[in-house]
Amino acid sequence: MKNIQTRNLVKRYNKGYEKREALRNLGFLMEKIIMEQIETAENFKLVSEQSAAKILKISYSKIKYLRGQGKIGFVRLGKSIRYKVSQLQKFVELGVVEAKN
């Protein structure tokens with residue numbers, strides 16, 4: 001009789017452990033999905049021409065010049081010009097010069 005009770009307790013414990021492990025894994029998965037959504041939202045975030053100039057720490061006329069030269073990507077929404085944050089990051093990364101050792 002004790003052997004059967006012990007087996008039942010072990011089964012119940014294992015089921016509880018499996019549930020806790022599944023919940024832990026689900027928590028990690030949800031956190032990963034949320035972080036990916038945040039990254040995606042940041043990459044598609046649009047900023048105005050003035051905001052883009054402030055982000056890059058350049059003048060308004062300079063960003064208009066770069067746009068006209070085709071050196072920086074932009075989005076046209078009707079008459080307004082917007083920049084993706086990801087495009088601004090790419091523009092900066094393309095201008096990075098590595099140090100020589």
# chains A, B, ... in the order shown; residues from 1 in each chain; ligands from 1

$ residues_around --residues "Gly73 in chain A" --least-positions-apart "6" --cutoff "9 Å" --atoms "only C-alpha atoms" --output "MDAnalysis selection string"
chainID A and resid 66:67 83:84 87:88 91

$ write_last_selection --atoms "N, CA and C atoms" --output "PDB file, in the first residue's frame"
ATOM      1  N   LEU A  66      21.600  65.812 -47.563  1.00  0.00           N
ATOM      2  CA  LEU A  66      21.883  64.372 -47.625  1.00  0.00           C
ATOM      3  C   LEU A  66      20.733  63.619 -48.286  1.00  0.00           C
ATOM      4  N   ARG A  67      19.498  64.007 -47.966  1.00  0.00           N
ATOM      5  CA  ARG A  67      18.329  63.388 -48.588  1.00  0.00           C
ATOM      6  C   ARG A  67      18.325  63.659 -50.086  1.00  0.00           C
ATOM      7  N   TYR A  83      11.737  59.874 -41.465  1.00  0.00           N
ATOM      8  CA  TYR A  83      12.892  58.985 -41.500  1.00  0.00           C
ATOM      9  C   TYR A  83      12.665  57.838 -40.542  1.00  0.00           C
ATOM     10  N   LYS A  84      12.978  56.627 -40.980  1.00  0.00           N
ATOM     11  CA  LYS A  84      12.953  55.477 -40.078  1.00  0.00           C
ATOM     12  C   LYS A  84      14.176  55.558 -39.176  1.00  0.00           C
ATOM     13  N   GLN A  87      16.924  53.522 -40.521  1.00  0.00           N
ATOM     14  CA  GLN A  87      17.683  54.133 -41.612  1.00  0.00           C
ATOM     15  C   GLN A  87      18.729  55.097 -41.077  1.00  0.00           C
ATOM     16  N   LEU A  88      18.388  55.816 -40.026  1.00  0.00           N
ATOM     17  CA  LEU A  88      19.354  56.734 -39.413  1.00  0.00           C
ATOM     18  C   LEU A  88      20.517  55.943 -38.814  1.00  0.00           C
ATOM     19  N   PHE A  91      22.759  54.800 -41.611  1.00  0.00           N
ATOM     20  CA  PHE A  91      23.536  55.924 -42.107  1.00  0.00           C
ATOM     21  C   PHE A  91      24.755  56.163 -41.221  1.00  0.00           C
TER      22      PHE A  91
END

$ closest_residue --among "A:Ile33, A:Tyr65, A:Phe74, A:Leu56" --to "Val92 in chain A" --atoms "only C-alpha atoms"
A:Leu56

$ atom_distance --atom1 "CA of Glu36 in chain A" --atom2 "CA of Ala53 in chain A"
26.9 Å

$ residues_around --residues "Ser51 in chain A" --least-positions-apart "4" --cutoff "10 Å" --atoms "only C-alpha atoms" --output "list in words"
Leu46, Val47, Ile55, Leu56, Lys57, Tyr60, Arg82 and Tyr83 of chain A

$ select_by_dssp --residues "range 8-99 of chain A" --states "strand (DSSP E or B)" --output "VMD selection string"
chain A and resid 46 to 48 75 to 77 80 to 84

$ closest_residue --among "A:Met35, A:Ile58, A:Leu94, A:Leu29" --to "Lys71 in chain A" --atoms "only C-alpha atoms"
A:Leu94

$ closest_residue --among "A:Lys32, A:Lys45, A:Lys19, A:Arg24" --to "Val85 in chain A" --atoms "only C-alpha atoms"
A:Lys45

$ closest_residue --among "A:Ala99, A:Val75, A:Glu21, A:Phe28" --to "Phe44 in chain A" --atoms "only C-alpha atoms"
A:Val75

$ atom_distance --atom1 "CA of Glu93 in chain A" --atom2 "CA of Ile63 in chain A"
16.1 Å

$ decode --residues "range 42-77 of chain A" --atoms "N, CA and C atoms" --output "CSV table (one decimal), in the first residue's frame"
chain,number,residue,atom,x,y,z
A,42,GLU,N,10.7,49.8,-32.9
A,42,GLU,CA,11.7,50.8,-32.9
A,42,GLU,C,12.3,50.9,-34.4
A,43,ASN,N,12.4,49.8,-35.1
A,43,ASN,CA,13.0,49.9,-36.4
A,43,ASN,C,12.0,50.6,-37.4
A,44,PHE,N,10.7,50.5,-37.1
A,44,PHE,CA,9.7,51.1,-38.0
A,44,PHE,C,9.2,52.5,-37.5
A,45,LYS,N,9.8,53.0,-36.4
A,45,LYS,CA,9.4,54.2,-35.8
A,45,LYS,C,9.8,55.3,-36.8
A,46,LEU,N,8.9,56.2,-37.1
A,46,LEU,CA,9.2,57.3,-38.0
A,46,LEU,C,9.4,58.6,-37.2
A,47,VAL,N,10.4,59.4,-37.7
A,47,VAL,CA,10.6,60.7,-37.0
A,47,VAL,C,10.6,61.8,-38.1
A,48,SER,N,10.3,63.0,-37.7
A,48,SER,CA,10.3,64.1,-38.6
A,48,SER,C,11.7,64.5,-39.0
A,49,GLU,N,11.8,65.4,-40.0
A,49,GLU,CA,13.1,65.8,-40.5
A,49,GLU,C,13.9,66.6,-39.4
A,50,GLN,N,13.2,67.4,-38.7
A,50,GLN,CA,13.8,68.2,-37.6
A,50,GLN,C,14.3,67.2,-36.5
A,51,SER,N,13.5,66.2,-36.2
A,51,SER,CA,13.9,65.2,-35.2
A,51,SER,C,15.1,64.4,-35.6
A,52,ALA,N,15.1,64.0,-36.9
A,52,ALA,CA,16.2,63.3,-37.5
A,52,ALA,C,17.5,64.1,-37.4
A,53,ALA,N,17.4,65.4,-37.7
A,53,ALA,CA,18.6,66.2,-37.6
A,53,ALA,C,19.1,66.3,-36.2
A,54,LYS,N,18.2,66.4,-35.2
A,54,LYS,CA,18.6,66.4,-33.8
A,54,LYS,C,19.3,65.1,-33.4
A,55,ILE,N,18.7,64.0,-33.9
A,55,ILE,CA,19.2,62.7,-33.5
A,55,ILE,C,20.7,62.5,-34.0
A,56,LEU,N,20.9,63.0,-35.3
A,56,LEU,CA,22.2,62.9,-35.9
A,56,LEU,C,23.1,64.0,-35.5
A,57,LYS,N,22.6,65.0,-34.8
A,57,LYS,CA,23.3,66.2,-34.4
A,57,LYS,C,23.9,66.9,-35.5
A,58,ILE,N,23.1,67.1,-36.6
A,58,ILE,CA,23.4,67.9,-37.7
A,58,ILE,C,22.4,68.9,-38.0
A,59,SER,N,22.6,69.9,-38.8
A,59,SER,CA,21.7,70.9,-39.1
A,59,SER,C,20.5,70.4,-40.0
A,60,TYR,N,19.4,71.2,-39.9
A,60,TYR,CA,18.3,70.8,-40.7
A,60,TYR,C,18.6,70.9,-42.2
A,61,SER,N,19.4,71.9,-42.6
A,61,SER,CA,19.7,72.0,-44.0
A,61,SER,C,20.7,70.9,-44.5
A,62,LYS,N,21.5,70.4,-43.6
A,62,LYS,CA,22.4,69.3,-43.9
A,62,LYS,C,21.6,68.0,-44.1
A,63,ILE,N,20.6,67.7,-43.3
A,63,ILE,CA,19.9,66.5,-43.5
A,63,ILE,C,19.1,66.6,-44.8
A,64,LYS,N,18.6,67.8,-45.2
A,64,LYS,CA,17.9,68.0,-46.5
A,64,LYS,C,18.9,67.8,-47.6
A,65,TYR,N,20.1,68.2,-47.5
A,65,TYR,CA,21.1,68.0,-48.5
A,65,TYR,C,21.4,66.5,-48.7
A,66,LEU,N,21.6,65.8,-47.6
A,66,LEU,CA,21.9,64.4,-47.6
A,66,LEU,C,20.7,63.6,-48.3
A,67,ARG,N,19.5,64.0,-48.0
A,67,ARG,CA,18.3,63.4,-48.6
A,67,ARG,C,18.3,63.7,-50.1
A,68,GLY,N,18.6,64.9,-50.5
A,68,GLY,CA,18.7,65.3,-51.9
A,68,GLY,C,19.7,64.5,-52.7
A,69,GLN,N,20.9,64.2,-52.0
A,69,GLN,CA,22.0,63.5,-52.6
A,69,GLN,C,21.7,62.0,-52.6
A,70,GLY,N,20.7,61.6,-52.0
A,70,GLY,CA,20.4,60.1,-51.9
A,70,GLY,C,21.3,59.4,-51.0
A,71,LYS,N,21.9,60.0,-50.0
A,71,LYS,CA,22.8,59.4,-49.1
A,71,LYS,C,22.1,58.9,-47.8
A,72,ILE,N,20.8,59.3,-47.6
A,72,ILE,CA,20.1,58.9,-46.5
A,72,ILE,C,18.7,58.6,-47.0
A,73,GLY,N,18.1,57.4,-46.5
A,73,GLY,CA,16.8,57.0,-47.0
A,73,GLY,C,15.7,57.7,-46.2
A,74,PHE,N,14.6,57.9,-46.8
A,74,PHE,CA,13.5,58.6,-46.2
A,74,PHE,C,12.1,58.0,-46.6
A,75,VAL,N,11.1,58.4,-46.0
A,75,VAL,CA,9.7,58.0,-46.3
A,75,VAL,C,8.9,59.3,-46.6
A,76,ARG,N,8.2,59.3,-47.7
A,76,ARG,CA,7.4,60.4,-48.0
A,76,ARG,C,5.9,60.0,-47.8
A,77,LEU,N,5.3,60.8,-46.9
A,77,LEU,CA,3.9,60.6,-46.6
A,77,LEU,C,3.1,61.9,-47.0
